[in-house]
>>> print(open('data.txt').read())   # compact mmCIF, C-alpha atoms and all ligand atoms
# COMPACT_ATOMS: atom_id res chain seq x y z
CA MET A 1 -0.36 -7.42 -12.88
CA LYS A 2 1.81 -5.04 -10.89
CA LEU A 3 0.34 -1.54 -10.94
CA LEU A 4 2.27 1.46 -9.64
CA ARG A 5 2.38 5.22 -9.58
CA PHE A 6 5.53 7.13 -10.53
CA GLY A 7 6.79 10.70 -10.60
CA PRO A 8 7.13 13.61 -8.18
CA ALA A 9 5.09 13.56 -4.96
CA GLY A 10 1.57 14.81 -5.60
CA HIS A 11 2.01 14.53 -9.38
CA GLU A 12 2.30 10.77 -9.81
CA ARG A 13 1.23 9.07 -13.01
CA PRO A 14 -0.17 5.56 -13.33
CA GLY A 15 2.01 2.78 -14.60
CA LEU A 16 2.71 -0.90 -14.52
CA LEU A 17 5.76 -3.09 -14.13
CA ASP A 18 6.18 -5.34 -17.16
CA ALA A 19 7.51 -8.90 -17.15
CA ASP A 20 11.06 -7.61 -17.70
CA GLY A 21 10.89 -5.24 -14.73
CA VAL A 22 10.46 -2.14 -16.91
CA ILE A 23 8.06 0.56 -15.70
CA ARG A 24 5.49 1.41 -18.39
CA ASP A 25 3.40 4.57 -18.49
CA LEU A 26 -0.37 3.96 -18.36
CA SER A 27 -1.42 7.60 -18.33
CA ALA A 28 -2.85 7.43 -21.88
CA HIS A 29 -5.27 4.75 -20.64
CA VAL A 30 -6.23 5.74 -17.08
CA SER A 31 -6.05 9.06 -15.21
CA ASP A 32 -4.91 7.57 -11.88
CA LEU A 33 -4.93 4.31 -9.93
CA SER A 34 -7.64 5.44 -7.56
CA GLY A 35 -11.32 5.03 -6.79
CA HIS A 36 -13.42 3.40 -9.52
CA HIS A 37 -10.32 2.94 -11.68
CA LEU A 38 -9.54 0.06 -9.31
CA SER A 39 -12.70 -1.91 -10.17
CA ARG A 40 -12.29 -5.41 -11.61
CA ASP A 41 -13.52 -4.24 -15.02
CA ALA A 42 -11.18 -1.26 -15.12
CA VAL A 43 -8.18 -3.31 -14.05
CA SER A 44 -9.09 -6.09 -16.51
CA ALA A 45 -9.10 -3.52 -19.32
CA LEU A 46 -5.57 -2.45 -18.34
CA ALA A 47 -4.49 -6.10 -18.26
CA LYS A 48 -5.51 -6.48 -21.90
CA LEU A 49 -3.00 -3.83 -23.02
CA ASP A 50 0.25 -5.01 -24.57
CA PRO A 51 2.90 -3.56 -22.22
CA THR A 52 5.44 -3.29 -25.04
CA THR A 53 3.19 -0.68 -26.68
CA LEU A 54 3.33 1.54 -23.57
CA PRO A 55 6.08 4.15 -23.12
CA ALA A 56 8.97 2.92 -20.96
CA VAL A 57 9.85 5.04 -17.93
CA HIS A 58 13.40 5.61 -16.68
CA ALA A 59 14.29 3.00 -14.06
CA ASP A 60 15.41 5.51 -11.41
CA THR A 61 12.14 7.44 -11.36
CA ARG A 62 10.56 7.92 -7.92
CA LEU A 63 7.71 5.57 -7.06
CA GLY A 64 4.74 7.11 -5.29
CA PRO A 65 2.18 5.30 -3.15
CA CYS A 66 0.64 2.57 -5.36
CA VAL A 67 -2.91 3.83 -4.72
CA GLY A 68 -3.99 7.40 -5.33
CA ARG A 69 -6.49 9.42 -3.26
CA VAL A 70 -6.94 6.73 -0.62
CA GLY A 71 -10.34 7.27 0.99
CA LYS A 72 -9.85 5.36 4.23
CA PHE A 73 -6.64 3.90 5.63
CA ILE A 74 -7.86 1.34 8.14
CA CYS A 75 -5.56 -0.77 10.28
CA ILE A 76 -5.99 -3.93 12.26
CA GLY A 77 -4.10 -4.15 15.56
CA LEU A 78 -2.63 -7.19 17.31
CA ASN A 79 -3.60 -9.50 14.44
CA TYR A 80 -0.66 -11.90 14.80
CA SER A 81 -0.74 -14.00 17.95
CA ASP A 82 3.05 -13.91 18.40
CA HIS A 83 3.12 -10.10 17.95
CA ALA A 84 0.36 -9.67 20.54
CA ALA A 85 2.49 -11.71 22.94
CA GLU A 86 5.60 -9.55 22.42
CA THR A 87 3.63 -6.41 23.23
CA GLY A 88 2.20 -8.03 26.37
CA ALA A 89 -1.34 -7.95 24.99
CA ASP A 90 -3.84 -10.78 24.64
CA VAL A 91 -5.16 -11.72 21.20
CA PRO A 92 -8.34 -9.64 21.04
CA SER A 93 -11.71 -11.41 20.94
CA GLU A 94 -12.68 -9.23 17.95
CA PRO A 95 -10.39 -7.36 15.53
CA VAL A 96 -8.90 -4.13 16.89
CA ILE A 97 -9.50 -1.30 14.40
CA PHE A 98 -7.65 1.99 14.21
CA ASN A 99 -6.88 4.61 11.57
CA LYS A 100 -3.92 6.07 9.88
CA TRP A 101 -4.65 9.53 8.46
CA THR A 102 -4.37 9.56 4.69
CA SER A 103 -1.85 12.43 4.93
CA ALA A 104 0.58 9.82 6.33
CA ILE A 105 0.72 8.05 2.97
CA CYS A 106 3.97 8.26 1.02
CA GLY A 107 5.95 6.35 -1.57
CA PRO A 108 7.68 3.06 -0.75
CA ASP A 109 11.17 4.55 -0.78
CA ASP A 110 10.44 8.05 0.53
CA ASP A 111 12.13 9.28 3.71
CA VAL A 112 10.35 8.49 6.98
CA ILE A 113 10.34 11.56 9.23
CA ILE A 114 10.66 11.16 13.00
CA PRO A 115 8.14 13.69 14.36
CA ARG A 116 9.08 16.47 16.77
CA GLY A 117 9.30 15.23 20.33
CA SER A 118 9.42 11.56 19.32
CA HIS A 119 11.74 9.09 21.04
CA LYS A 120 9.85 5.90 20.17
CA THR A 121 9.33 5.71 16.41
CA ASP A 122 8.94 2.05 15.39
CA TRP A 123 8.32 -0.16 12.36
CA GLU A 124 5.67 -2.73 11.30
CA VAL A 125 5.74 -4.63 7.98
CA GLU A 126 2.16 -5.44 6.95
CA LEU A 127 0.05 -6.88 4.16
CA GLY A 128 -2.14 -4.12 2.70
CA VAL A 129 -5.47 -4.96 1.06
CA VAL A 130 -6.81 -2.48 -1.50
CA ILE A 131 -10.56 -2.36 -2.01
CA GLY A 132 -11.85 -2.28 -5.61
CA LYS A 133 -15.63 -2.60 -5.14
CA ASP A 134 -18.18 -0.82 -2.94
CA GLY A 135 -19.90 -2.77 -0.25
CA ARG A 136 -21.38 -2.91 3.20
CA TYR A 137 -22.53 -5.93 5.14
CA ILE A 138 -20.30 -7.98 2.85
CA ASP A 139 -20.53 -11.76 3.22
CA GLU A 140 -17.25 -13.41 4.10
CA ALA A 141 -17.76 -15.80 1.15
CA ASP A 142 -17.98 -12.84 -1.24
CA ALA A 143 -15.31 -10.68 0.38
CA MET A 144 -12.43 -11.43 -1.97
CA SER A 145 -14.46 -10.10 -4.93
CA HIS A 146 -14.09 -6.68 -3.26
CA VAL A 147 -10.28 -6.81 -3.40
CA ALA A 148 -8.43 -4.91 -6.16
CA GLY A 149 -5.05 -6.14 -4.99
CA PHE A 150 -2.41 -6.30 -2.31
CA CYS A 151 0.61 -4.21 -1.39
CA VAL A 152 3.33 -3.80 1.21
CA VAL A 153 2.62 -1.30 4.01
CA ASN A 154 5.04 -0.08 6.65
CA ASP A 155 2.75 0.84 9.57
CA VAL A 156 5.27 3.26 11.10
CA SER A 157 4.22 3.93 14.69
CA GLU A 158 5.25 6.32 17.47
CA ARG A 159 4.79 4.24 20.61
CA GLU A 160 4.69 7.03 23.16
CA PHE A 161 2.14 8.96 21.09
CA GLN A 162 0.20 5.71 20.53
CA LEU A 163 0.20 4.17 23.99
CA GLU A 164 1.28 6.68 26.65
CA ARG A 165 -1.05 9.57 25.76
CA CYS A 166 -4.73 9.41 26.57
CA GLY A 167 -7.28 8.36 23.97
CA SER A 168 -6.93 6.30 20.82
CA TRP A 169 -3.87 4.78 19.18
CA ASP A 170 -4.32 7.11 16.22
CA LYS A 171 -2.07 9.87 17.61
CA GLY A 172 0.93 7.61 17.10
CA LYS A 173 -0.09 6.10 13.79
CA GLY A 174 -0.88 8.90 11.38
CA CYS A 175 2.09 11.27 11.43
CA ASP A 176 3.29 12.43 8.01
CA THR A 177 5.31 9.71 6.19
CA PHE A 178 4.07 6.97 8.57
CA GLY A 179 2.32 5.14 5.72
CA PRO A 180 4.61 4.03 2.87
CA LEU A 181 2.48 2.07 0.33
CA GLY A 182 3.91 -0.02 -2.47
CA PRO A 183 6.03 -0.43 -4.53
CA TRP A 184 3.22 -2.16 -6.43
CA LEU A 185 -0.44 -2.92 -6.20
CA VAL A 186 -0.40 -6.59 -7.16
CA THR A 187 -3.63 -8.05 -8.51
CA PRO A 188 -5.05 -11.11 -6.71
CA ASP A 189 -4.43 -13.49 -9.64
CA GLU A 190 -0.66 -12.90 -9.21
CA VAL A 191 -0.64 -13.14 -5.42
CA GLY A 192 -2.22 -16.57 -4.99
CA ASP A 193 -2.93 -17.30 -1.34
CA PRO A 194 -2.56 -14.05 0.63
CA HIS A 195 -2.32 -16.11 3.82
CA ASP A 196 0.94 -17.79 2.87
CA LEU A 197 3.35 -14.95 2.13
CA ALA A 198 6.76 -14.50 3.75
CA MET A 199 7.32 -11.00 5.16
CA TRP A 200 10.40 -9.37 6.65
CA LEU A 201 11.89 -6.08 7.82
CA GLU A 202 15.52 -5.03 8.43
CA VAL A 203 16.99 -1.94 10.01
CA ASP A 204 20.56 -1.16 8.89
CA GLY A 205 20.90 -4.71 7.59
CA ARG A 206 19.77 -6.42 10.80
CA CYS A 207 16.62 -8.50 10.40
CA TYR A 208 14.01 -7.79 13.08
CA GLN A 209 10.84 -9.13 11.53
CA ASN A 210 10.83 -12.47 9.73
CA GLY A 211 7.30 -13.79 9.60
CA SER A 212 4.51 -15.00 7.40
CA THR A 213 0.92 -14.00 6.78
CA ARG A 214 0.16 -17.62 7.80
CA THR A 215 0.09 -16.55 11.45
CA MET A 216 -2.54 -13.85 10.92
CA VAL A 217 -5.37 -14.35 13.43
CA TYR A 218 -8.27 -12.71 11.57
CA ARG A 219 -7.85 -13.35 7.84
CA VAL A 220 -8.60 -11.08 4.91
CA PRO A 221 -12.17 -12.24 4.02
CA TYR A 222 -13.21 -12.07 7.66
CA LEU A 223 -11.65 -8.61 8.10
CA ILE A 224 -13.46 -7.23 5.04
CA SER A 225 -16.77 -8.68 6.22
CA TYR A 226 -16.18 -7.48 9.79
CA LEU A 227 -15.22 -3.92 8.82
CA SER A 228 -18.19 -3.64 6.48
CA ARG A 229 -20.54 -4.04 9.45
CA PHE A 230 -19.28 -0.72 10.78
CA MET A 231 -18.67 1.28 7.59
CA SER A 232 -19.11 1.01 3.85
CA LEU A 233 -15.94 0.01 2.06
CA GLN A 234 -15.18 1.86 -1.13
CA PRO A 235 -12.76 1.52 -4.04
CA GLY A 236 -9.43 2.99 -3.04
CA ASP A 237 -9.75 2.19 0.66
CA VAL A 238 -6.71 0.44 2.11
CA ILE A 239 -6.78 -2.07 4.97
CA SER A 240 -3.47 -2.83 6.68
CA THR A 241 -3.84 -6.21 8.31
CA GLY A 242 -1.41 -6.20 11.22
CA THR A 243 2.22 -7.08 11.81
CA PRO A 244 4.16 -10.20 12.80
CA PRO A 245 6.58 -10.14 15.76
CA GLY A 246 9.86 -8.25 15.80
CA VAL A 247 8.84 -4.62 16.25
CA GLY A 248 11.25 -2.34 18.10
CA MET A 249 8.94 -2.08 21.10
CA GLY A 250 9.17 -5.86 21.52
CA GLN A 251 12.99 -5.98 21.76
CA GLN A 252 14.73 -6.45 25.12
CA PRO A 253 15.42 -3.63 25.77
CA PRO A 254 13.19 -1.81 23.23
CA ILE A 255 14.91 -0.28 20.19
CA TYR A 256 13.57 2.72 18.30
CA LEU A 257 14.51 4.39 15.03
CA LYS A 258 17.17 7.09 14.82
CA PRO A 259 17.90 9.59 12.05
CA GLY A 260 20.32 8.15 9.52
CA GLN A 261 19.04 4.60 9.76
CA ARG A 262 17.59 2.65 6.83
CA MET A 263 14.57 0.37 6.87
CA HIS A 264 14.29 -2.34 4.23
CA LEU A 265 11.17 -4.48 4.14
CA GLY A 266 9.17 -6.67 1.83
CA ILE A 267 6.53 -9.31 1.31
CA GLU A 268 6.88 -12.32 -0.99
CA GLY A 269 5.55 -11.42 -4.44
CA LEU A 270 4.64 -7.85 -3.47
CA GLY A 271 8.06 -6.17 -3.74
CA GLU A 272 10.28 -4.27 -1.34
CA GLN A 273 10.44 -0.87 0.31
CA CYS A 274 13.54 1.00 1.49
CA GLN A 275 13.26 4.14 3.63
CA SER A 276 15.83 6.48 5.14
CA VAL A 277 14.91 7.75 8.60
CA VAL A 278 15.31 11.51 9.00
CA ALA A 279 14.60 14.03 11.76
CA GLU A 280 11.82 16.60 11.45
CA PRO A 281 13.56 19.99 11.65
CA ASP A 282 12.71 21.75 14.93
CA SER A 283 11.63 24.95 13.22
ZN ZN A 301 0.19 -2.25 12.48
>>> encode(input="data.txt", output="structure tokens")
Amino acid sequence: MKLLRFGPAGHERPGLLDADGVIRDLSAHVSDLSGHHLSRDAVSALAKLDPTTLPAVHADTRLGPCVGRVGKFICIGLNYSDHAAETGADVPSEPVIFNKWTSAICGPDDDVIIPRGSHKTDWEVELGVVIGKDGRYIDEADAMSHVAGFCVVNDVSEREFQLERCGSWDKGKGCDTFGPLGPWLVTPDEVGDPHDLAMWLEVDGRCYQNGSTRTMVYRVPYLISYLSRFMSLQPGDVISTGTPPGVGMGQQPPIYLKPGQRMHLGIEGLGEQCQSVVAEPDS
């Protein structure tokens, strides 16, 4: 099942994409796609509905982030060996964890805003894992039972804020609009093997990232188990699992986003995002 949220920013309603590609309104059956509404039982109940009985939504409606009220937005750094190499870093001996602030989250096709003072805004197509069940100290063997589904994430990153200021990476990761999620939250039964999905990203029609989740270093069950040693994971948390090579920082010379450009990205089976890059007004 492909679950989604549609409507104006901050007022999204839950929906699904039916087999014919029509958006159907789920708001008579669930208040939002968030928190405990993402449990296996709750999602199974939605899967039992006949989509043709649900109101159809106009095709050009805005899509919001596919998960509402995300509790934690956790990211894994340098999780593709070839991406680590392009940034000049070694593959870490344990997963690198950082945060994106939840205020960065936006819809899959919303504008991405270059923050004030930024000269190094960059892109990262990533597989997002959405948690559907509480847990801590989760066994790797049981980890996939905690997954509500998967989605595309663009881990938009400001490299000077991230790497050339003191302290954590988080300064360059959580600016507003740096976290497009969606278009859909795809349930695991439809995804198959999450470690065999093609993924790509273009800027103005030029392909920069063309990879596969096959080259992920630390895989999804391990990441869930690992993170749950340091925090409880809760329904509605999102884990972004790292990016393959081809980021702007890794180009020779580096290339960064400019206002007026368009990013287009996707993951096999999880849909596509398309963002216009705009400047933050100075005042
Ligand atoms: Zn990333």
>>> axis_aligned_box(input="data.txt", around="segment 232-238 of chain A", padding_each_side="3 Å", output="AutoDock Vina command-line options")
--center_x -12.9 --center_y 1.5 --center_z -0.1 --size_x 18.4 --size_y 9.0 --size_z 13.9
>>> residues_near_ligand(input="data.txt", ligand="ligand ZN 301 (chain A)", cutoff="8 Å", atoms="only C-alpha atoms and all ligand atoms", output="ChimeraX atom specification")
/A:75-78,124-126,154-157,240-243
>>> closest_atom_pairs(input="data.txt", of="segment 39-154 of chain A", to="segment 274-279 of chain A", cutoff="12 Å", atoms="all atoms listed in the file", output="CSV")
residue,atom,partner,partner_atom,distance
A:Leu63,CA,A:Cys274,CA,11.3
A:Cys106,CA,A:Gln275,CA,10.5
A:Gly107,CA,A:Gln275,CA,9.2
A:Pro108,CA,A:Cys274,CA,6.6
A:Asp109,CA,A:Cys274,CA,4.8
A:Asp110,CA,A:Gln275,CA,5.7
A:Asp111,CA,A:Ser276,CA,4.9
A:Val112,CA,A:Val277,CA,4.9
A:Ile113,CA,A:Val278,CA,5.0
A:Ile114,CA,A:Ala279,CA,5.0
A:Pro115,CA,A:Ala279,CA,7.0
A:Arg116,CA,A:Ala279,CA,7.8
A:Gly117,CA,A:Ala279,CA,10.1
A:Ser118,CA,A:Ala279,CA,9.5
A:His119,CA,A:Ala279,CA,10.9
A:Thr121,CA,A:Val277,CA,9.8
A:Asp122,CA,A:Val277,CA,10.7
A:Trp123,CA,A:Gln275,CA,10.9
A:Val125,CA,A:Cys274,CA,11.6
A:Val152,CA,A:Cys274,CA,11.3
A:Val153,CA,A:Cys274,CA,11.4
A:Asn154,CA,A:Gln275,CA,9.7
>>> closest_residue(input="data.txt", among="A:Ile267, A:Ala28, A:Ile74, A:Ile105", to="Leu197 of chain A", atoms="all atoms listed in the file")
A:Ile267
>>> residues_near_point(input="data.txt", point="(9.6, 6.4, -16.5)", cutoff="7 Å", atoms="all atoms listed in the file", output="list in words")
Ile23, Arg24, Asp25, Ala56, Val57, His58, Ala59 and Thr61 of chain A
>>> build_atoms(input="data.txt", residues="segment 38-61 of chain A", atoms="N, CA, C and O atoms", output="mmCIF file, keeping the file's coordinate frame")
data_model
loop_
_atom_site.group_PDB
_atom_site.id
_atom_site.type_symbol
_atom_site.label_atom_id
_atom_site.label_comp_id
_atom_site.auth_asym_id
_atom_site.auth_seq_id
_atom_site.Cartn_x
_atom_site.Cartn_y
_atom_site.Cartn_z
ATOM 1 N N LEU A 38 -10.040 1.300 -9.906
ATOM 2 C CA LEU A 38 -9.540 0.060 -9.310
ATOM 3 C C LEU A 38 -10.572 -1.065 -9.376
ATOM 4 O O LEU A 38 -10.355 -2.145 -8.823
ATOM 5 N N SER A 39 -11.683 -0.845 -10.061
ATOM 6 C CA SER A 39 -12.700 -1.910 -10.170
ATOM 7 C C SER A 39 -12.143 -3.062 -11.012
ATOM 8 O O SER A 39 -11.222 -2.883 -11.814
ATOM 9 N N ARG A 40 -12.746 -4.243 -10.837
ATOM 10 C CA ARG A 40 -12.290 -5.410 -11.610
ATOM 11 C C ARG A 40 -12.323 -5.137 -13.113
ATOM 12 O O ARG A 40 -11.397 -5.492 -13.838
ATOM 13 N N ASP A 41 -13.409 -4.501 -13.579
ATOM 14 C CA ASP A 41 -13.520 -4.240 -15.020
ATOM 15 C C ASP A 41 -12.427 -3.294 -15.498
ATOM 16 O O ASP A 41 -11.826 -3.501 -16.546
ATOM 17 N N ALA A 42 -12.188 -2.240 -14.710
ATOM 18 C CA ALA A 42 -11.180 -1.260 -15.120
ATOM 19 C C ALA A 42 -9.795 -1.884 -15.125
ATOM 20 O O ALA A 42 -8.999 -1.662 -16.057
ATOM 21 N N VAL A 43 -9.496 -2.681 -14.108
ATOM 22 C CA VAL A 43 -8.180 -3.310 -14.050
ATOM 23 C C VAL A 43 -8.043 -4.381 -15.144
ATOM 24 O O VAL A 43 -6.985 -4.511 -15.765
ATOM 25 N N SER A 44 -9.130 -5.096 -15.427
ATOM 26 C CA SER A 44 -9.090 -6.090 -16.510
ATOM 27 C C SER A 44 -8.791 -5.426 -17.852
ATOM 28 O O SER A 44 -8.069 -5.980 -18.683
ATOM 29 N N ALA A 45 -9.361 -4.234 -18.058
ATOM 30 C CA ALA A 45 -9.100 -3.520 -19.320
ATOM 31 C C ALA A 45 -7.615 -3.162 -19.433
ATOM 32 O O ALA A 45 -7.016 -3.265 -20.511
ATOM 33 N N LEU A 46 -7.007 -2.763 -18.310
ATOM 34 C CA LEU A 46 -5.570 -2.450 -18.340
ATOM 35 C C LEU A 46 -4.747 -3.718 -18.613
ATOM 36 O O LEU A 46 -3.720 -3.670 -19.294
ATOM 37 N N ALA A 47 -5.226 -4.848 -18.087
ATOM 38 C CA ALA A 47 -4.490 -6.100 -18.260
ATOM 39 C C ALA A 47 -4.482 -6.558 -19.710
ATOM 40 O O ALA A 47 -3.616 -7.338 -20.112
ATOM 41 N N LYS A 48 -5.434 -6.071 -20.478
ATOM 42 C CA LYS A 48 -5.510 -6.480 -21.900
ATOM 43 C C LYS A 48 -4.520 -5.698 -22.771
ATOM 44 O O LYS A 48 -4.297 -6.059 -23.929
ATOM 45 N N LEU A 49 -3.960 -4.620 -22.236
ATOM 46 C CA LEU A 49 -3.000 -3.830 -23.020
ATOM 47 C C LEU A 49 -1.701 -4.614 -23.195
ATOM 48 O O LEU A 49 -1.301 -5.370 -22.315
ATOM 49 N N ASP A 50 -1.061 -4.414 -24.339
ATOM 50 C CA ASP A 50 0.250 -5.010 -24.570
ATOM 51 C C ASP A 50 1.302 -4.065 -23.965
ATOM 52 O O ASP A 50 1.490 -2.955 -24.470
ATOM 53 N N PRO A 51 1.967 -4.491 -22.891
ATOM 54 C CA PRO A 51 2.900 -3.560 -22.220
ATOM 55 C C PRO A 51 3.980 -3.002 -23.137
ATOM 56 O O PRO A 51 4.440 -1.880 -22.934
ATOM 57 N N THR A 52 4.352 -3.785 -24.171
ATOM 58 C CA THR A 52 5.440 -3.290 -25.040
ATOM 59 C C THR A 52 5.003 -2.090 -25.872
ATOM 60 O O THR A 52 5.832 -1.396 -26.446
ATOM 61 N N THR A 53 3.684 -1.856 -25.936
ATOM 62 C CA THR A 53 3.190 -0.680 -26.680
ATOM 63 C C THR A 53 3.145 0.569 -25.797
ATOM 64 O O THR A 53 2.851 1.660 -26.300
ATOM 65 N N LEU A 54 3.418 0.407 -24.505
ATOM 66 C CA LEU A 54 3.330 1.540 -23.570
ATOM 67 C C LEU A 54 4.718 2.177 -23.412
ATOM 68 O O LEU A 54 5.722 1.466 -23.402
ATOM 69 N N PRO A 55 4.770 3.498 -23.259
ATOM 70 C CA PRO A 55 6.080 4.150 -23.120
ATOM 71 C C PRO A 55 6.834 3.625 -21.894
ATOM 72 O O PRO A 55 6.251 3.452 -20.821
ATOM 73 N N ALA A 56 8.123 3.344 -22.079
ATOM 74 C CA ALA A 56 8.970 2.920 -20.960
ATOM 75 C C ALA A 56 9.378 4.147 -20.146
ATOM 76 O O ALA A 56 9.574 5.242 -20.685
ATOM 77 N N VAL A 57 9.494 3.950 -18.844
ATOM 78 C CA VAL A 57 9.850 5.040 -17.930
ATOM 79 C C VAL A 57 11.237 4.740 -17.370
ATOM 80 O O VAL A 57 11.573 3.578 -17.108
ATOM 81 N N HIS A 58 12.040 5.780 -17.187
ATOM 82 C CA HIS A 58 13.400 5.610 -16.680
ATOM 83 C C HIS A 58 13.398 4.859 -15.343
ATOM 84 O O HIS A 58 12.572 5.146 -14.467
ATOM 85 N N ALA A 59 14.317 3.912 -15.211
ATOM 86 C CA ALA A 59 14.290 3.000 -14.060
ATOM 87 C C ALA A 59 14.471 3.721 -12.725
ATOM 88 O O ALA A 59 14.003 3.229 -11.693
ATOM 89 N N ASP A 60 15.156 4.868 -12.711
ATOM 90 C CA ASP A 60 15.410 5.510 -11.410
ATOM 91 C C ASP A 60 14.360 6.555 -11.038
ATOM 92 O O ASP A 60 14.562 7.363 -10.139
ATOM 93 N N THR A 61 13.218 6.510 -11.730
ATOM 94 C CA THR A 61 12.140 7.440 -11.360
ATOM 95 C C THR A 61 11.618 7.113 -9.961
ATOM 96 O O THR A 61 11.630 5.965 -9.533
#
